[in-house]
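final_0.cif (mmCIF, C-alpha atoms and all ligand atoms)
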```
data_protein
#
loop_
_atom_site.label_atom_id
_atom_site.label_comp_id
_atom_site.auth_asym_id
_atom_site.auth_seq_id
_atom_site.Cartn_x
_atom_site.Cartn_y
_atom_site.Cartn_z
CA MET A 9 95.59 83.86 74.01
CA GLU A 10 92.72 85.39 75.96
CA ARG A 11 92.52 89.06 76.91
CA THR A 12 90.64 90.89 79.59
CA PHE A 13 89.81 94.48 80.37
CA VAL A 14 90.80 95.78 83.80
CA MET A 15 90.22 99.27 85.11
CA VAL A 16 91.54 100.88 88.28
CA LYS A 17 88.58 102.99 89.38
CA PRO A 18 88.90 106.60 90.61
CA ASP A 19 89.32 105.63 94.28
CA GLY A 20 92.22 103.34 93.33
CA VAL A 21 93.88 106.09 91.28
CA LYS A 22 93.43 108.65 94.09
CA ARG A 23 94.89 106.31 96.68
CA GLY A 24 97.97 105.65 94.59
CA VAL A 25 97.59 101.88 94.20
CA ILE A 26 97.85 101.61 90.40
CA GLY A 27 101.40 100.31 90.73
CA SER A 28 100.45 97.75 93.37
CA ILE A 29 97.62 96.45 91.20
CA ILE A 30 99.83 96.25 88.10
CA ASN A 31 102.40 94.41 90.19
CA ARG A 32 99.90 91.70 91.13
CA PHE A 33 98.96 91.13 87.49
CA GLU A 34 102.61 90.97 86.46
CA GLN A 35 103.49 88.58 89.27
CA LYS A 36 100.62 86.30 88.30
CA GLY A 37 102.08 86.06 84.80
CA PHE A 38 99.78 88.32 82.79
CA ALA A 39 101.19 90.34 79.90
CA LEU A 40 100.27 94.02 79.75
CA MET A 41 99.00 94.84 76.25
CA ALA A 42 97.76 98.41 76.70
CA ILE A 43 97.37 100.97 79.46
CA LYS A 44 96.08 104.51 79.72
CA LEU A 45 95.03 107.03 82.32
CA MET A 46 91.81 108.73 81.29
CA GLN A 47 88.80 110.64 82.51
CA ILE A 48 85.65 108.96 81.32
CA ASP A 49 82.40 110.77 80.63
CA LEU A 50 78.92 109.80 81.77
CA ALA A 51 78.00 108.26 78.40
CA LEU A 52 80.97 105.86 78.49
CA ALA A 53 80.34 104.98 82.15
CA GLU A 54 76.68 104.21 81.39
CA GLU A 55 77.60 102.13 78.34
CA HIS A 56 80.30 100.24 80.21
CA TYR A 57 77.90 99.22 83.01
CA ARG A 58 74.79 99.06 80.80
CA ASP A 59 73.82 95.60 82.15
CA LEU A 60 73.29 97.22 85.57
CA ARG A 61 71.16 100.15 84.35
CA THR A 62 68.04 98.96 86.17
CA LYS A 63 69.81 98.60 89.53
CA PRO A 64 68.94 101.14 92.23
CA PHE A 65 72.62 102.02 92.65
CA PHE A 66 73.24 102.72 88.92
CA GLY A 67 73.33 106.52 89.40
CA GLU A 68 75.78 106.19 92.27
CA LEU A 69 77.87 103.75 90.23
CA VAL A 70 78.30 105.96 87.17
CA GLY A 71 78.85 108.98 89.44
CA TYR A 72 81.65 107.06 91.18
CA LEU A 73 83.22 106.03 87.88
CA THR A 74 83.28 109.60 86.54
CA SER A 75 84.50 111.18 89.80
CA GLY A 76 88.15 111.17 88.73
CA SER A 77 90.68 109.54 86.44
CA VAL A 78 90.65 105.81 85.81
CA CYS A 79 93.48 103.59 84.62
CA ALA A 80 92.28 101.36 81.77
CA MET A 81 94.31 98.27 80.92
CA ILE A 82 94.29 95.22 78.70
CA TRP A 83 95.93 92.12 80.15
CA GLU A 84 96.61 88.92 78.25
CA GLY A 85 97.21 85.35 79.36
CA PRO A 86 95.63 81.89 79.60
CA ASN A 87 92.08 82.15 80.96
CA ALA A 88 92.72 85.87 81.38
CA VAL A 89 89.13 86.73 82.32
CA ALA A 90 88.77 84.12 85.06
CA ASN A 91 92.31 84.58 86.36
CA ALA A 92 91.80 88.35 86.62
CA ARG A 93 88.50 87.92 88.45
CA SER A 94 90.20 85.62 90.93
CA LEU A 95 93.00 88.14 91.56
CA ILE A 96 90.44 90.94 91.98
CA GLY A 97 88.19 89.08 94.44
CA LYS A 98 84.49 89.22 95.18
CA THR A 99 82.43 92.30 94.28
CA ASN A 100 81.79 93.24 97.90
CA PRO A 101 85.10 93.80 99.71
CA VAL A 102 83.46 92.49 102.89
CA GLU A 103 83.36 89.08 101.21
CA ALA A 104 86.58 89.38 99.22
CA ALA A 105 89.30 87.16 100.67
CA PRO A 106 92.48 88.73 102.02
CA GLY A 107 95.11 88.32 99.32
CA THR A 108 92.75 89.50 96.61
CA ILE A 109 92.91 93.12 95.44
CA ARG A 110 89.51 94.04 96.86
CA GLY A 111 90.20 91.97 99.98
CA ASP A 112 93.39 93.91 100.62
CA TYR A 113 92.55 97.45 99.44
CA ALA A 114 88.83 98.07 99.83
CA MET A 115 86.11 98.02 102.47
CA ASP A 116 82.88 99.05 100.73
CA VAL A 117 81.10 97.83 97.57
CA ALA A 118 80.55 101.43 96.46
CA GLY A 119 84.35 101.90 96.32
CA ASN A 120 85.86 98.59 95.34
CA ILE A 121 88.99 99.89 93.58
CA VAL A 122 89.05 97.87 90.39
CA HIS A 123 86.94 96.42 87.57
CA GLY A 124 87.50 93.20 85.65
CA SER A 125 85.47 91.86 82.71
CA ASP A 126 83.11 89.02 83.63
CA SER A 127 83.36 86.97 80.38
CA PRO A 128 85.44 86.88 77.19
CA GLU A 129 82.48 88.48 75.37
CA SER A 130 82.34 91.32 77.92
CA ALA A 131 86.11 91.72 77.62
CA ALA A 132 85.88 92.15 73.83
CA ARG A 133 83.04 94.66 74.19
CA GLU A 134 84.83 96.67 76.91
CA ILE A 135 88.18 96.67 75.09
CA GLY A 136 86.32 98.06 72.08
CA LEU A 137 84.77 100.79 74.22
CA PHE A 138 87.96 101.96 75.90
CA PHE A 139 90.65 101.21 73.31
CA THR A 140 89.68 102.16 69.82
CA GLN A 141 93.12 102.05 68.22
CA GLU A 142 94.74 98.90 66.94
CA LEU A 143 96.82 97.13 69.59
CA PRO A 144 100.15 95.38 69.43
CA ILE A 145 99.41 91.67 69.53
CA THR A 146 102.71 89.86 69.43
CA THR A 147 105.00 91.64 71.83
CA PHE A 148 105.05 92.66 75.45
CA MET A 149 107.64 95.37 76.16
CA GLY A 150 109.69 94.02 73.28
CA PHE A 151 109.49 90.37 74.32
CA PRO A 152 107.18 87.84 72.72
CA TYR A 153 104.76 86.63 75.38
CA ASN A 154 105.00 82.94 76.21
CA GLU A 155 104.90 80.59 79.21
CA GLN A 156 108.65 80.92 79.72
CA SER A 157 108.69 84.71 79.89
CA ALA A 158 105.78 84.56 82.36
CA GLU A 159 107.73 82.16 84.58
CA ALA A 160 110.85 84.28 84.35
CA THR A 161 109.08 87.19 86.09
CA HIS A 162 108.50 85.12 89.25
P1 LIG B 1 83.04 95.11 88.18
O1 LIG B 1 84.30 94.36 87.97
O2 LIG B 1 83.26 96.54 88.59
O3 LIG B 1 82.08 94.96 87.01
O4 LIG B 1 82.34 94.44 89.46
P2 LIG B 1 81.70 92.97 89.54
O5 LIG B 1 81.67 92.33 88.20
O6 LIG B 1 82.40 92.26 90.64
O7 LIG B 1 80.22 93.28 90.02
P3 LIG B 1 79.00 93.86 89.14
O8 LIG B 1 79.35 93.90 87.70
O9 LIG B 1 77.79 93.11 89.57
O10 LIG B 1 78.88 95.34 89.70
C1 LIG B 1 79.59 96.40 89.09
C2 LIG B 1 79.96 97.41 90.12
O11 LIG B 1 78.80 98.02 90.65
C3 LIG B 1 80.68 96.87 91.36
O12 LIG B 1 82.05 96.63 91.16
C4 LIG B 1 80.48 98.00 92.34
O13 LIG B 1 81.39 99.06 92.08
C5 LIG B 1 79.07 98.47 91.97
N1 LIG B 1 78.08 97.91 92.87
C6 LIG B 1 77.64 96.62 92.94
N2 LIG B 1 76.71 96.50 93.91
C7 LIG B 1 76.56 97.74 94.45
C8 LIG B 1 75.75 98.28 95.48
O14 LIG B 1 74.96 97.59 96.11
N3 LIG B 1 75.88 99.62 95.74
C9 LIG B 1 76.74 100.42 95.06
N4 LIG B 1 76.83 101.72 95.35
N5 LIG B 1 77.53 99.94 94.08
C10 LIG B 1 77.44 98.63 93.78
MG MG B 2 80.94 93.33 86.51
#
```
Take the structure in this file and express it as structure tokens.
Ligand code: GTP
Ligand code: MG
Amino acid sequence: MERTFVMVKPDGVKRGVIGSIINRFEQKGFALMAIKLMQIDLALAEEHYRDLRTKPFFGELVGYLTSGSVCAMIWEGPNAVANARSLIGKTNPVEAAPGTIRGDYAMDVAGNIVHGSDSPESAAREIGLFFTQELPITTFMGFPYNEQSAEATH
């Protein structure tokens, strides 16, 4: 089963929408594998977004990411990466459809609430950066994850 890395960014934490975001992932059928609230340092922010280091907004981006606590999560499910990206919506909230997280909670690209890995390879790299300890792989809150338990949450 595929996994993806999702992070509620500092503006999402400050606005108190962690629960709403978790709720959307649970309703979709994802299984939560790990979660933690943390303050990330500049080195981790720069490593996380290293593919964007030549962009003119890189300084603003890592400043934004280190401006407060983030909520780092690992979610599991079929096509987890693509399904998470579709829940999250387009990068720029102006273009993100209503019904997506960014479409419903954000207005500006410099404060777009949430991050989601863009490929299974990125997900593995990011999970390794943010979660160094071994993770439980067979259970979700005591229940084995399967199609039936996902349906039962709807
Ligand atoms: P993430 O899920 O956060 O990785 O966003 P994304 O995959 O939809 O977009 P991308 O990886 O290209 O950009 C990463 C992040 O950089 C975005 O989510 C924004 O927070 C930020 N960003 C992108 N474009 C701009 C910009 O033009 N200005 C600023 N200030 N930030 C930007
Ligand atoms: Mg990205």
Per residue of region 58-144 of chain A within 6 Å of region 16-29 of chain A, note the shortest atom pair and the distance in Å to one decimal, counting only C-alpha atoms, and order the rows by chain and increasing residue number, as JSON lines.
```
{"residue": "A:Gly76", "atom": "CA", "partner": "A:Pro18", "partner_atom": "CA", "distance": 5.0}
{"residue": "A:Ser77", "atom": "CA", "partner": "A:Pro18", "partner_atom": "CA", "distance": 5.4}
{"residue": "A:Val78", "atom": "CA", "partner": "A:Lys17", "partner_atom": "CA", "distance": 5.0}
{"residue": "A:Cys79", "atom": "CA", "partner": "A:Val16", "partner_atom": "CA", "distance": 5.0}
{"residue": "A:Ile121", "atom": "CA", "partner": "A:Gly20", "partner_atom": "CA", "distance": 4.7}
{"residue": "A:Val122", "atom": "CA", "partner": "A:Val16", "partner_atom": "CA", "distance": 4.4}
```
*Which chains and residue numbers are within 10 Å of ligand MG 2 (chain B), counting all atoms listed in the file, if I want them as a ChimeraX atom specification?*
/A:56-57,59-60,93,99,123-127,130
*What is the distance, in Å and to one decimal place, between CA of Ile109 (chain A) and CA of Ala131 (chain A)?*
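CA of Ala131 (chain A) lies at a distance of 19.1 Å from CA of Ile109 (chain A).
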_Could you tell me how far CA of Met81 (chain A) sits from CA of Phe13 (chain A), in Å to one decimal place?_
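It comes out at 5.9 Å.
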*Hey, can you check how far atom C5 of ligand LIG 1 (chain B) sits from CA of Arg133 (chain A)?*
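CA of Arg133 (chain A) lies 18.6 Å from atom C5 of ligand LIG 1 (chain B).
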*Compile the contact shell of Met115 (chain A) as a list in words: residues with an atom at most 8 Å away, counting only C-alpha atoms, same-chain residues fewer than 5 positions apart removed.*
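Contacts, in chain order: Asn100, Pro101, Val102, Arg110 and Asn120 of chain A.
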*Using all atoms listed in the file, pick whichever of A:Phe138, A:Phe65, A:Phe33, A:Tyr72 has the shortest atom-to-atom distance to ligand LIG 1 (chain B).*
A:Phe65
*May I ask which of the residues A:Arg11, A:Val117, A:Asn31, A:Thr74 is the closest one to ligand LIG 1 (chain B), counting all atoms listed in the file?*
A:Val117
_Among listed residues A:Ile48, A:Ala53, A:Ile82, A:Leu69, nearest ligand LIG 1 (chain B) (using only C-alpha atoms and all ligand atoms)_ =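 Comparing A:Ile48, A:Ala53, A:Ile82, A:Leu69 against ligand LIG 1 (chain B), the winner is A:Leu69.
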*For ligand LIG 1 (chain B), which residue among A:Gln47, A:Gln35, A:Thr12, A:Asn87 is the nearest when counting only C-alpha atoms and all ligand atoms?*
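Between A:Gln47, A:Gln35, A:Thr12, A:Asn87, the residue approaching ligand LIG 1 (chain B) most closely is A:Thr12.
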Padding 6 Å on each side, edges along x, y and z: where is the centre of the box around the listed atoms of ligand LIG 1 (chain B), and how long are its edges in Å to one decimal? Output it as JSON.
```
{"center_x": 79.6, "center_y": 97.0, "center_z": 91.6, "size_x": 21.3, "size_y": 21.5, "size_z": 21.1}
```
*Pick the closest to Met41 (chain A) from A:Gly107, A:Gly119, A:Gly85, A:Gly136: which is it, counting all atoms listed in the file?*
A:Gly85
Where atoms are missing, can you supply N, CA and C atoms for region 60-86 of chain A and output the lot as a PDB file, keeping the file's coordinate frame?
```pdb
ATOM      1  N   LEU A  60      73.746  96.908  84.202  1.00  0.00           N
ATOM      2  CA  LEU A  60      73.290  97.220  85.570  1.00  0.00           C
ATOM      3  C   LEU A  60      72.353  98.423  85.601  1.00  0.00           C
ATOM      4  N   ARG A  61      71.884  98.865  84.402  1.00  0.00           N
ATOM      5  CA  ARG A  61      71.160 100.150  84.350  1.00  0.00           C
ATOM      6  C   ARG A  61      69.843 100.160  85.123  1.00  0.00           C
ATOM      7  N   THR A  62      69.297  98.983  85.413  1.00  0.00           N
ATOM      8  CA  THR A  62      68.040  98.960  86.170  1.00  0.00           C
ATOM      9  C   THR A  62      68.278  98.861  87.690  1.00  0.00           C
ATOM     10  N   LYS A  63      69.511  98.740  88.096  1.00  0.00           N
ATOM     11  CA  LYS A  63      69.810  98.600  89.530  1.00  0.00           C
ATOM     12  C   LYS A  63      69.613  99.944  90.237  1.00  0.00           C
ATOM     13  N   PRO A  64      69.171  99.892  91.493  1.00  0.00           N
ATOM     14  CA  PRO A  64      68.940 101.140  92.230  1.00  0.00           C
ATOM     15  C   PRO A  64      70.210 101.967  92.443  1.00  0.00           C
ATOM     16  N   PHE A  65      71.360 101.308  92.402  1.00  0.00           N
ATOM     17  CA  PHE A  65      72.620 102.020  92.650  1.00  0.00           C
ATOM     18  C   PHE A  65      73.294 102.502  91.355  1.00  0.00           C
ATOM     19  N   PHE A  66      72.596 102.388  90.206  1.00  0.00           N
ATOM     20  CA  PHE A  66      73.240 102.720  88.920  1.00  0.00           C
ATOM     21  C   PHE A  66      73.751 104.171  88.889  1.00  0.00           C
ATOM     22  N   GLY A  67      72.921 105.102  89.384  1.00  0.00           N
ATOM     23  CA  GLY A  67      73.330 106.520  89.400  1.00  0.00           C
ATOM     24  C   GLY A  67      74.587 106.726  90.226  1.00  0.00           C
ATOM     25  N   GLU A  68      74.602 106.086  91.393  1.00  0.00           N
ATOM     26  CA  GLU A  68      75.780 106.190  92.270  1.00  0.00           C
ATOM     27  C   GLU A  68      77.004 105.577  91.595  1.00  0.00           C
ATOM     28  N   LEU A  69      76.775 104.460  90.895  1.00  0.00           N
ATOM     29  CA  LEU A  69      77.870 103.750  90.230  1.00  0.00           C
ATOM     30  C   LEU A  69      78.520 104.590  89.130  1.00  0.00           C
ATOM     31  N   VAL A  70      77.703 105.176  88.262  1.00  0.00           N
ATOM     32  CA  VAL A  70      78.300 105.960  87.170  1.00  0.00           C
ATOM     33  C   VAL A  70      78.878 107.283  87.701  1.00  0.00           C
ATOM     34  N   GLY A  71      78.287 107.796  88.792  1.00  0.00           N
ATOM     35  CA  GLY A  71      78.850 108.980  89.440  1.00  0.00           C
ATOM     36  C   GLY A  71      80.239 108.686  89.998  1.00  0.00           C
ATOM     37  N   TYR A  72      80.374 107.538  90.622  1.00  0.00           N
ATOM     38  CA  TYR A  72      81.650 107.060  91.180  1.00  0.00           C
ATOM     39  C   TYR A  72      82.687 106.919  90.068  1.00  0.00           C
ATOM     40  N   LEU A  73      82.287 106.314  88.965  1.00  0.00           N
ATOM     41  CA  LEU A  73      83.220 106.030  87.880  1.00  0.00           C
ATOM     42  C   LEU A  73      83.714 107.289  87.162  1.00  0.00           C
ATOM     43  N   THR A  74      82.901 108.353  87.217  1.00  0.00           N
ATOM     44  CA  THR A  74      83.280 109.600  86.540  1.00  0.00           C
ATOM     45  C   THR A  74      83.825 110.639  87.525  1.00  0.00           C
ATOM     46  N   SER A  75      84.082 110.217  88.769  1.00  0.00           N
ATOM     47  CA  SER A  75      84.500 111.180  89.800  1.00  0.00           C
ATOM     48  C   SER A  75      85.983 111.531  89.734  1.00  0.00           C
ATOM     49  N   GLY A  76      86.717 110.893  88.854  1.00  0.00           N
ATOM     50  CA  GLY A  76      88.150 111.170  88.730  1.00  0.00           C
ATOM     51  C   GLY A  76      88.729 110.295  87.633  1.00  0.00           C
ATOM     52  N   SER A  77      90.047 110.345  87.488  1.00  0.00           N
ATOM     53  CA  SER A  77      90.680 109.540  86.440  1.00  0.00           C
ATOM     54  C   SER A  77      90.591 108.057  86.746  1.00  0.00           C
ATOM     55  N   VAL A  78      90.549 107.265  85.683  1.00  0.00           N
ATOM     56  CA  VAL A  78      90.650 105.810  85.810  1.00  0.00           C
ATOM     57  C   VAL A  78      91.895 105.360  85.051  1.00  0.00           C
ATOM     58  N   CYS A  79      92.356 104.162  85.359  1.00  0.00           N
ATOM     59  CA  CYS A  79      93.480 103.590  84.620  1.00  0.00           C
ATOM     60  C   CYS A  79      92.972 102.342  83.904  1.00  0.00           C
ATOM     61  N   ALA A  80      92.832 102.450  82.585  1.00  0.00           N
ATOM     62  CA  ALA A  80      92.280 101.360  81.770  1.00  0.00           C
ATOM     63  C   ALA A  80      93.419 100.497  81.240  1.00  0.00           C
ATOM     64  N   MET A  81      93.241  99.185  81.322  1.00  0.00           N
ATOM     65  CA  MET A  81      94.310  98.270  80.920  1.00  0.00           C
ATOM     66  C   MET A  81      93.770  97.059  80.182  1.00  0.00           C
ATOM     67  N   ILE A  82      94.590  96.513  79.309  1.00  0.00           N
ATOM     68  CA  ILE A  82      94.290  95.220  78.700  1.00  0.00           C
ATOM     69  C   ILE A  82      95.397  94.256  79.124  1.00  0.00           C
ATOM     70  N   TRP A  83      94.982  93.152  79.720  1.00  0.00           N
ATOM     71  CA  TRP A  83      95.930  92.120  80.150  1.00  0.00           C
ATOM     72  C   TRP A  83      95.659  90.833  79.388  1.00  0.00           C
ATOM     73  N   GLU A  84      96.732  90.141  79.046  1.00  0.00           N
ATOM     74  CA  GLU A  84      96.610  88.920  78.250  1.00  0.00           C
ATOM     75  C   GLU A  84      97.251  87.732  78.975  1.00  0.00           C
ATOM     76  N   GLY A  85      96.645  86.573  78.796  1.00  0.00           N
ATOM     77  CA  GLY A  85      97.210  85.350  79.360  1.00  0.00           C
ATOM     78  C   GLY A  85      96.194  84.223  79.249  1.00  0.00           C
ATOM     79  N   PRO A  86      96.585  83.010  79.637  1.00  0.00           N
ATOM     80  CA  PRO A  86      95.630  81.890  79.600  1.00  0.00           C
ATOM     81  C   PRO A  86      94.473  82.149  80.566  1.00  0.00           C
TER      82      PRO A  86
END
```
